[in-house]
Amino acid sequence: MRVRLRLRMSSHDAHYGGGLVDGARVLALFGDAATELLARLDGDEGLFRAYDAIEFLAPVFAGDTLEVDGELVSIGKSSRKMRFEARKVLRARPDVSDTAAEVVTPPVVVARASGTCVTPADKQRLPRPPVILTAAIVGAETTRAQTPHLPLTAEEIGEEARRCREAGAAVIHLHAREPDGTPTQSRARFAEFIEAIRARTDVIVQTSTGGAIGMSIEERCQPLELGPEMATINVASMNFGDDLFVNKRSDVEQVAGWIRERRISAEIECYDLGHLDAARALLAKGLLAPPLHFQFVLGVPGGVGATPRAMELMVAELEHGFPAERTWAVAAVGRHQLPMAEHAIRLGGHARVGLEDNIYLDKGVLSQGSAPLVERAAGFARAAGREIATPDVARKLLGLR
Ligand code: KMH
Ligand code: ZN
């Protein structure tokens, strides 16, 4: 979450000789940015507890216009870490004339700071919904050669789903494989795997319509015939590593139509900012309907990178042209999976983890299936003061039909 203030320093703000503005004035602006962040997050002004770093980098004079950015970096049970930057964007030019002014290009950074604010738990008025954890337990790309912990058979997939549910997962994002590991979207295989999951646990099963690179759209959509509770929709073509993940507009519209006809809840996979534009177009055509659920898949080579900045940009984009009934989650690939899950949870979103996107629990340590990754993400949720959604709570939050 970010806020931006712009303010002109007047002669009232000048404190020292030569019209120089004191540093405390800039800190007051950081305080105002912090207050707005807390009001947006908690519905409360909170308190500024401590700065851990402050740098004054350039002088500020009466007549300067400052632009101040405040950014929420992380959220604990009551603590909120923030960082701030103030830039000079306009300045008076008394050396030219009484009224001369100019745009400062590029803006000059005059101060930076970071610090911690606190909103006591009993003052946090805005609800922070439970976290929906999705486990992507199979995928199409991960191989047994990469990790011996990848489930392939119905028995292995059912058991893995059960372990993930126990660790905190409410949703299983499902792909299917032949016994030799070859990816398949066969209706019969999905039926077998869903039955194995259903026999063991009450999780929401979300079938993939992405399948594997190179499959036709009809092939990819076979699991929809089984009427799963949820299914993914991939809304645009893109490079996918060295491959091409083809999602032609006409095909995407057809997939969206099939999902709607069957009253399945769609999870909209967005690998880049422009994919939100593709989703808006589907919404405008009535091919998607609220409530909408977005999965921001970050770090696929060919899509947007796995950075907090990219994630926040995509979250901010949801404010424009999408209905209020919406939820978002983040799935980042490789070593970014756990840190991005943590960041998403702190920002109020949901998260997907699992062997489809990442096989390591720690650097060089293979995760023994997806459940340990779910457990790690559940720990992030608890540390951020959020509960973990059971499948039934997730059904409510996602508005499953
Ligand atoms: N296997 C990727 C090419 C989805 O499940 O909808 C696509 C994918 C997306 O996994
Ligand atoms: Zn997938």
# chains A, B, ... in the order shown; residues from 1 in each chain; ligands from 1
>>> residues_around(residues="Leu226 of chain A", least_positions_apart="3", cutoff="8 Å", atoms="only C-alpha atoms", output="ChimeraX atom specification")
/A:187,191,222-223
>>> residues_around(residues="Phe30 of chain A", least_positions_apart="3", cutoff="12 Å", atoms="only C-alpha atoms", output="NGL selection string")
:A and (3-7 or 23-27 or 33-37 or 48 or 51 or 54 or 66-71 or 82-87 or 111-117)
>>> closest_residue(among="A:Val333, A:Leu283, A:Ala58, A:Ala278", to="Leu298 of chain A", atoms="only C-alpha atoms")
A:Val333
>>> closest_residue(among="A:Pro308, A:Glu229, A:Glu166, A:Asp52", to="Ile204 of chain A", atoms="only C-alpha atoms")
A:Glu229
>>> closest_atom_pairs(of="chain A", to="ligand 2", cutoff="8 Å", atoms="only C-alpha atoms and all ligand atoms", output="tab-separated table")
residue	atom	partner	partner_atom_place_in_ligand_line	distance
A:Ala136	CA	ligand 2	1 (Zn)	6.9
A:Gly139	CA	ligand 2	1 (Zn)	5.1
A:Ala140	CA	ligand 2	1 (Zn)	6.9
A:His173	CA	ligand 2	1 (Zn)	6.6
A:Leu174	CA	ligand 2	1 (Zn)	6.9
A:His175	CA	ligand 2	1 (Zn)	6.3
A:Ser208	CA	ligand 2	1 (Zn)	5.5
A:Thr209	CA	ligand 2	1 (Zn)	7.8
A:Gly210	CA	ligand 2	1 (Zn)	6.1
A:Gly211	CA	ligand 2	1 (Zn)	6.7
A:Thr232	CA	ligand 2	1 (Zn)	7.9
A:Glu356	CA	ligand 2	1 (Zn)	6.8
>>> atom_distance(atom1="atom CA of Leu400 of chain A", atom2="atom CA of Leu288 of chain A")
13.7 Å
>>> closest_atom_pairs(of="chain A", to="ligand 1", cutoff="10 Å", atoms="only C-alpha atoms and all ligand atoms", output="tab-separated table")
residue	atom	partner	partner_atom_place_in_ligand_line	distance
A:Ala136	CA	ligand 1	5 (O)	8.7
A:Val138	CA	ligand 1	10 (O)	9.4
A:Gly139	CA	ligand 1	10 (O)	5.9
A:Ala140	CA	ligand 1	1 (N)	5.0
A:Glu141	CA	ligand 1	1 (N)	6.3
A:Thr142	CA	ligand 1	1 (N)	9.4
A:His173	CA	ligand 1	5 (O)	7.3
A:Leu174	CA	ligand 1	5 (O)	7.5
A:His175	CA	ligand 1	5 (O)	6.9
A:Pro183	CA	ligand 1	1 (N)	9.1
A:Gln206	CA	ligand 1	5 (O)	9.0
A:Thr207	CA	ligand 1	5 (O)	7.4
A:Ser208	CA	ligand 1	5 (O)	4.1
A:Thr209	CA	ligand 1	6 (O)	4.9
A:Gly210	CA	ligand 1	6 (O)	3.5
A:Gly211	CA	ligand 1	1 (N)	5.1
A:Ala212	CA	ligand 1	1 (N)	4.4
A:Ile213	CA	ligand 1	3 (C)	4.9
A:Gly214	CA	ligand 1	3 (C)	8.4
A:Met215	CA	ligand 1	3 (C)	9.2
A:Arg220	CA	ligand 1	6 (O)	9.1
A:Ala231	CA	ligand 1	6 (O)	7.7
A:Thr232	CA	ligand 1	6 (O)	4.7
A:Ile233	CA	ligand 1	6 (O)	5.8
A:Asn234	CA	ligand 1	6 (O)	5.8
A:Val235	CA	ligand 1	6 (O)	9.5
A:Met238	CA	ligand 1	3 (C)	9.8
A:Asn239	CA	ligand 1	3 (C)	9.9
A:Phe240	CA	ligand 1	3 (C)	7.1
A:Gly241	CA	ligand 1	3 (C)	9.8
A:Asp243	CA	ligand 1	3 (C)	8.9
A:Leu244	CA	ligand 1	3 (C)	8.6
A:Phe245	CA	ligand 1	3 (C)	6.0
A:Val246	CA	ligand 1	3 (C)	8.8
A:Glu267	CA	ligand 1	6 (O)	8.4
A:Ile268	CA	ligand 1	6 (O)	8.4
A:Glu269	CA	ligand 1	6 (O)	6.6
A:Cys270	CA	ligand 1	9 (C)	9.7
A:Tyr271	CA	ligand 1	9 (C)	9.7
A:Gln295	CA	ligand 1	6 (O)	9.7
A:Val297	CA	ligand 1	9 (C)	9.0
A:Val300	CA	ligand 1	2 (C)	9.8
A:Glu356	CA	ligand 1	10 (O)	7.7
A:Asp357	CA	ligand 1	10 (O)	8.8
>>> residues_around(residues="segment 376-380 of chain A", least_positions_apart="4", cutoff="10 Å", atoms="only C-alpha atoms", output="ChimeraX atom specification")
/A:76,131-134,167-169,337-339,341-346,350-353,361,371-372,384-389
>>> residues_around(residues="Leu57 of chain A", least_positions_apart="2", cutoff="9 Å", atoms="only C-alpha atoms", output="list of chain:residue names")
A:Glu55, A:Pro59, A:Val108, A:Val109, A:Val110, A:Ala111, A:Arg112
>>> select_by_dssp(residues="segment 116-182 of chain A", states="strand (DSSP E)", output="ChimeraX atom specification")
/A:116-118,133-136,169-174,176-177
>>> write_last_selection(atoms="N, CA and C atoms", output="compact mmCIF listing (two decimals), in the first residue's frame")
# COMPACT_ATOMS: atom_id res chain seq x y z
N THR A 116 8.63 2.45 12.26
CA THR A 116 7.57 1.53 12.66
C THR A 116 6.45 2.29 13.36
N CYS A 117 5.23 2.02 12.93
CA CYS A 117 4.05 2.57 13.60
C CYS A 117 3.31 1.42 14.28
N VAL A 118 2.43 1.78 15.19
CA VAL A 118 1.69 0.76 15.93
C VAL A 118 0.21 1.13 15.94
N LEU A 133 -5.22 -20.24 1.58
CA LEU A 133 -3.98 -20.83 1.06
C LEU A 133 -4.33 -21.87 0.01
N THR A 134 -3.71 -21.72 -1.14
CA THR A 134 -3.89 -22.69 -2.22
C THR A 134 -2.62 -23.51 -2.35
N ALA A 135 -2.78 -24.81 -2.51
CA ALA A 135 -1.62 -25.68 -2.73
C ALA A 135 -1.65 -26.17 -4.17
N ALA A 136 -0.60 -25.81 -4.90
CA ALA A 136 -0.45 -26.27 -6.30
C ALA A 136 0.46 -27.48 -6.24
N ALA A 169 -4.16 -25.57 3.83
CA ALA A 169 -4.67 -25.24 2.49
C ALA A 169 -6.19 -25.41 2.43
N ALA A 170 -6.83 -24.46 1.75
CA ALA A 170 -8.28 -24.56 1.54
C ALA A 170 -8.58 -24.96 0.10
N VAL A 171 -7.61 -24.72 -0.78
CA VAL A 171 -7.82 -24.97 -2.21
C VAL A 171 -6.66 -25.83 -2.73
N ILE A 172 -6.99 -26.81 -3.56
CA ILE A 172 -5.96 -27.56 -4.27
C ILE A 172 -6.04 -27.17 -5.74
N HIS A 173 -4.96 -26.58 -6.25
CA HIS A 173 -4.88 -26.27 -7.68
C HIS A 173 -4.35 -27.53 -8.35
N LEU A 174 -5.18 -28.11 -9.23
CA LEU A 174 -4.90 -29.47 -9.70
C LEU A 174 -4.54 -29.55 -11.19
N ALA A 176 -2.98 -32.89 -13.85
CA ALA A 176 -2.95 -34.35 -13.82
C ALA A 176 -1.75 -34.86 -14.60
N ARG A 177 -1.36 -36.06 -14.25
CA ARG A 177 -0.22 -36.71 -14.93
C ARG A 177 -0.58 -38.15 -15.25
>>> select_by_dssp(residues="segment 114-357 of chain A", states="alpha helix (DSSP H)", output="PyMOL selection string")
chain A and resi 154-167+187-198+217-220+249-261+274-284+308-317+337-346
>>> closest_residue(among="A:Asp22, A:Ser367, A:Ile194, A:Ala394", to="His149 of chain A", atoms="only C-alpha atoms")
A:Ser367
>>> atom_distance(atom1="atom CA of Gly299 of chain A", atom2="atom CA of Ala331 of chain A")
8.9 Å
>>> closest_residue(among="A:Gly369, A:Arg395, A:Glu156, A:Ala101", to="Met230 of chain A", atoms="only C-alpha atoms")
A:Arg395
>>> atom_distance(atom1="atom CA of Leu38 of chain A", atom2="atom CA of Ala324 of chain A")
20.9 Å
